[in-house]
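Before any comments, here is the structure.
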Amino acid sequence: MSRRGYVPEDEKQFIGKQLELLQKAADEVQFLLDRGYDVKSVTTFVGNHYLFSERQRLALARSVSSKESIQKRVNKELLQTERGYLPETVCIDGFNTVITLEVALSGSPIFYCRDGALRDLAGLRGTYRVIDKTQTAIELLLRQLELLHISEAVFYLDAPVSNSGRLSGLIRQCAKGYGISVQTQIIPDVDRVLEQMEGVISGDAIILNRCKSWLNVMPLIIGKMDHVWKIQL
């Protein structure tokens, strides 16, 4: 059995005193981001002060955003706003979304971030393989979309990433059991496409900053799971 998004050091770096230090550091990162400093410089500065590992610094970078960025994302999030409608079609950041669900199912760290999104520490770096959690992850997502009465879902997958074709096939296979029209598109630059769309499902902060609107479905799905390693910074 594979455990996505986990390294043994997590058991020391994200519990007890280390977690308390990370939570304190997150407030300091927030303070500096709100004053215009860029996230890389801030996490390096704060990380050096606390002697954090690269993985702990990555957790800070993914969990904390400036208040301006947070408000911008919150204002575009369709499940929490009072717009009274959801789009018929959602545009899904395929690898990003499936991997986060795989991480949650693996009992690896899931970060409840300050913009409301849920993120993980799994790195893609051009390689991906289907694991024993993948089909369940896809089915949980499709089930939630069905509950939200979404008519159509388009999964966008990065062509340069290995096994994108295999994941595409598995998504289409899983979709046969649900009342949703599902398409998969394997394209060179998923981020650039999603940045122009509405009804986006992704945890990528840059995409959320630029897209027209998004749906924060991860808390709905992961909130129903058992034995999730939830971390709040």
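Going by the structure tokens order, chains are called A, B, ..., each with residues numbered from 1, while ligands are numbered from 1 in the order shown.
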Residues within 12 Å of Gln30 of chain A, please, as a PyMOL selection string. Count only C-alpha atoms; anything in the same chain fewer than 3 positions from it doesn't count.
chain A and resi 23-27+33-39+42-43+46+60-70+113-115+233
Could you please write out, as an MDAnalysis selection string, every residue of segment 41-209 of chain A that DSSP assigns to helix (DSSP H, G or I)?
chainID A and resid 41:50 54:63 67:76 94:105 134:147 164:175 190:194 205:209
Residues just named, written with C-alpha atoms as a tab-separated table (two decimals), in the first residue's frame:
chain	number	residue	atom	x	y	z
A	41	SER	CA	11.77	35.62	1.27
A	42	VAL	CA	9.44	35.51	4.26
A	43	THR	CA	9.47	31.73	4.69
A	44	THR	CA	13.26	31.71	4.29
A	45	PHE	CA	13.66	34.43	6.93
A	46	VAL	CA	11.23	32.92	9.42
A	47	GLY	CA	12.38	29.38	8.65
A	48	ASN	CA	16.00	30.28	9.35
A	49	HIS	CA	15.01	31.86	12.65
A	50	TYR	CA	13.25	28.71	13.85
A	54	GLU	CA	12.42	22.53	3.97
A	55	ARG	CA	9.21	20.60	4.47
A	56	GLN	CA	8.13	22.79	7.37
A	57	ARG	CA	8.88	25.90	5.31
A	58	LEU	CA	6.80	24.50	2.46
A	59	ALA	CA	3.92	23.97	4.88
A	60	LEU	CA	4.12	27.64	5.89
A	61	ALA	CA	4.26	28.81	2.28
A	62	ARG	CA	1.20	26.75	1.32
A	63	SER	CA	-0.83	27.51	4.44
A	67	LYS	CA	-5.08	39.05	4.09
A	68	GLU	CA	-5.59	40.76	0.74
A	69	SER	CA	-5.08	37.51	-1.17
A	70	ILE	CA	-7.30	35.60	1.25
A	71	GLN	CA	-10.14	38.09	0.85
A	72	LYS	CA	-9.79	38.02	-2.91
A	73	ARG	CA	-10.12	34.24	-2.95
A	74	VAL	CA	-12.98	34.17	-0.44
A	75	ASN	CA	-14.95	36.66	-2.53
A	76	LYS	CA	-14.75	34.36	-5.58
A	94	GLY	CA	-6.95	17.08	-12.08
A	95	PHE	CA	-3.62	16.18	-10.52
A	96	ASN	CA	-3.88	18.82	-7.79
A	97	THR	CA	-7.32	17.66	-6.68
A	98	VAL	CA	-6.84	13.91	-6.94
A	99	ILE	CA	-3.48	14.04	-5.14
A	100	THR	CA	-4.89	16.02	-2.20
A	101	LEU	CA	-7.61	13.40	-1.76
A	102	GLU	CA	-5.03	10.59	-2.05
A	103	VAL	CA	-2.96	12.30	0.65
A	104	ALA	CA	-5.98	12.56	2.96
A	105	LEU	CA	-6.86	8.89	2.37
A	134	THR	CA	-6.60	6.82	-6.59
A	135	GLN	CA	-9.92	5.27	-7.58
A	136	THR	CA	-11.45	6.04	-4.19
A	137	ALA	CA	-10.25	9.65	-4.46
A	138	ILE	CA	-11.90	10.07	-7.86
A	139	GLU	CA	-15.14	8.46	-6.70
A	140	LEU	CA	-15.34	10.66	-3.59
A	141	LEU	CA	-14.97	13.75	-5.75
A	142	LEU	CA	-17.60	12.62	-8.25
A	143	ARG	CA	-20.01	11.73	-5.44
A	144	GLN	CA	-19.64	15.21	-3.94
A	145	LEU	CA	-20.21	16.87	-7.32
A	146	GLU	CA	-23.34	14.77	-7.72
A	147	LEU	CA	-24.57	15.96	-4.31
A	164	SER	CA	-1.58	11.50	-17.30
A	165	GLY	CA	-3.17	9.22	-19.89
A	166	ARG	CA	-3.64	6.43	-17.39
A	167	LEU	CA	-5.27	8.77	-14.86
A	168	SER	CA	-7.50	10.15	-17.61
A	169	GLY	CA	-8.69	6.65	-18.43
A	170	LEU	CA	-9.37	5.83	-14.78
A	171	ILE	CA	-11.39	9.03	-14.33
A	172	ARG	CA	-13.56	8.20	-17.34
A	173	GLN	CA	-14.02	4.65	-16.11
A	174	CYS	CA	-15.09	5.81	-12.63
A	175	ALA	CA	-17.48	8.38	-14.12
A	190	VAL	CA	-3.29	23.42	-17.08
A	191	ASP	CA	-2.61	26.44	-14.88
A	192	ARG	CA	-2.84	28.93	-17.73
A	193	VAL	CA	-6.18	27.50	-18.87
A	194	LEU	CA	-7.75	27.35	-15.41
A	205	ALA	CA	-3.04	29.55	-4.79
A	206	ILE	CA	-1.98	31.24	-8.03
A	207	ILE	CA	-4.90	29.72	-9.93
A	208	LEU	CA	-7.29	30.81	-7.17
A	209	ASN	CA	-5.93	34.36	-7.34
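Coordinates place atom CA of Gly5 of chain A at a distance of 17.0 Å from atom CA of Val161 of chain A.
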Test item: residues at most 6 Å from Ile92 of chain A, only C-alpha atoms, excluding those fewer than 3 positions along its chain, as number ranges by chain:
A: 154-156, 200-201
Interatomic distance (Å, one decimal) between atom CA of Gly177 of chain A and atom CA of Leu220 of chain A:
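We find that atom CA of Gly177 of chain A and atom CA of Leu220 of chain A lie 20.4 Å from each other.
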For segment 106-109 of chain A, list every protein, DNA or RNA residue within 8 Å, evaluated using only C-alpha atoms, and leave out those in the same chain fewer than 6 positions away; present the list as JSON, numbers by chain.
{"A": [2, 3, 4, 5, 6, 10, 120, 121, 133, 227, 228, 229, 230, 231]}
Which of segment 90-219 of chain A counts as strand (DSSP E) under DSSP, as a PyMOL selection string please?
chain A and resi 90-93+109-112+118-119+152-158+181-187+200-201
Residues of the last selection are to be written out with N, CA and C atoms, as a compact mmCIF listing (two decimals), in the first residue's frame.
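Result saved to out.txt:
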# COMPACT_ATOMS: atom_id res chain seq x y z
N VAL A 90 -18.01 22.34 -13.96
CA VAL A 90 -16.85 22.70 -13.15
C VAL A 90 -15.58 22.29 -13.89
N CYS A 91 -14.52 23.05 -13.66
CA CYS A 91 -13.23 22.84 -14.32
C CYS A 91 -12.23 22.41 -13.24
N ILE A 92 -11.78 21.18 -13.32
CA ILE A 92 -11.02 20.58 -12.23
C ILE A 92 -9.53 20.50 -12.55
N ASP A 93 -8.73 20.99 -11.63
CA ASP A 93 -7.28 20.84 -11.69
C ASP A 93 -6.98 19.39 -11.30
N PRO A 109 -0.24 14.40 6.14
CA PRO A 109 -0.68 15.72 6.59
C PRO A 109 -1.53 16.47 5.57
N ILE A 110 -2.68 16.94 6.04
CA ILE A 110 -3.55 17.83 5.27
C ILE A 110 -3.63 19.15 6.01
N PHE A 111 -3.32 20.23 5.32
CA PHE A 111 -3.25 21.55 5.95
C PHE A 111 -4.51 22.35 5.66
N TYR A 112 -5.18 22.76 6.73
CA TYR A 112 -6.35 23.64 6.63
C TYR A 112 -5.81 25.06 6.59
N LEU A 118 -7.75 23.45 1.35
CA LEU A 118 -6.99 22.35 1.96
C LEU A 118 -5.85 21.99 1.03
N ARG A 119 -4.64 21.88 1.60
CA ARG A 119 -3.47 21.60 0.78
C ARG A 119 -2.61 20.52 1.43
N GLU A 152 -21.79 18.79 -15.27
CA GLU A 152 -20.64 18.40 -16.08
C GLU A 152 -19.35 18.74 -15.36
N ALA A 153 -18.36 17.86 -15.47
CA ALA A 153 -17.04 18.10 -14.90
C ALA A 153 -15.98 17.85 -15.96
N VAL A 154 -15.09 18.81 -16.10
CA VAL A 154 -13.97 18.66 -17.03
C VAL A 154 -12.69 18.60 -16.21
N PHE A 155 -12.00 17.46 -16.28
CA PHE A 155 -10.73 17.28 -15.59
C PHE A 155 -9.60 17.68 -16.53
N TYR A 156 -8.81 18.66 -16.12
CA TYR A 156 -7.65 19.09 -16.91
C TYR A 156 -6.40 18.44 -16.32
N LEU A 157 -5.66 17.74 -17.15
CA LEU A 157 -4.46 17.02 -16.72
C LEU A 157 -3.25 17.52 -17.50
N ASP A 158 -2.13 17.64 -16.80
CA ASP A 158 -0.90 18.16 -17.42
C ASP A 158 -0.25 17.10 -18.31
N SER A 181 -21.79 14.24 -16.52
CA SER A 181 -21.03 14.16 -17.76
C SER A 181 -19.59 14.54 -17.46
N VAL A 182 -18.67 13.62 -17.72
CA VAL A 182 -17.27 13.85 -17.38
C VAL A 182 -16.40 13.82 -18.63
N GLN A 183 -15.57 14.84 -18.75
CA GLN A 183 -14.57 14.89 -19.81
C GLN A 183 -13.18 14.99 -19.18
N THR A 184 -12.19 14.51 -19.89
CA THR A 184 -10.80 14.74 -19.48
C THR A 184 -10.06 15.38 -20.64
N GLN A 185 -9.23 16.35 -20.31
CA GLN A 185 -8.41 17.01 -21.32
C GLN A 185 -6.96 16.99 -20.86
N ILE A 186 -6.10 16.43 -21.67
CA ILE A 186 -4.67 16.40 -21.38
C ILE A 186 -4.02 17.51 -22.20
N ILE A 187 -3.54 18.53 -21.51
CA ILE A 187 -3.05 19.74 -22.18
C ILE A 187 -1.68 20.15 -21.63
N VAL A 200 -13.87 26.77 -10.96
CA VAL A 200 -12.62 25.99 -10.88
C VAL A 200 -12.58 25.21 -9.56
N ILE A 201 -12.05 24.01 -9.61
CA ILE A 201 -11.76 23.23 -8.40
C ILE A 201 -10.26 22.98 -8.37
Could you work out how far atom CA of Ser53 of chain A lies from atom CA of Gly16 of chain A, giving the answer in Å with one decimal?
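For atom CA of Gly16 of chain A relative to atom CA of Ser53 of chain A, the distance reads 15.6 Å.
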Given only C-alpha atoms as the basis, pick out the residue of A:Met225, A:Ala117, A:Ile150, A:Leu78 nearest to Ser213 of chain A.
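Closest to Ser213 of chain A of all the choices is A:Leu78.
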I need the residue nearest Ala159 of chain A from this list: A:Pro188, A:Glu11, A:Lys212, A:Val29. Use only C-alpha atoms for the distance.
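Closest to Ala159 of chain A, using only C-alpha atoms: A:Pro188.
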Calculated over only C-alpha atoms, which of the candidates A:Leu215, A:Ala122, A:Ile222, A:Leu19 has the smallest distance to Gln80 of chain A?
A:Leu215
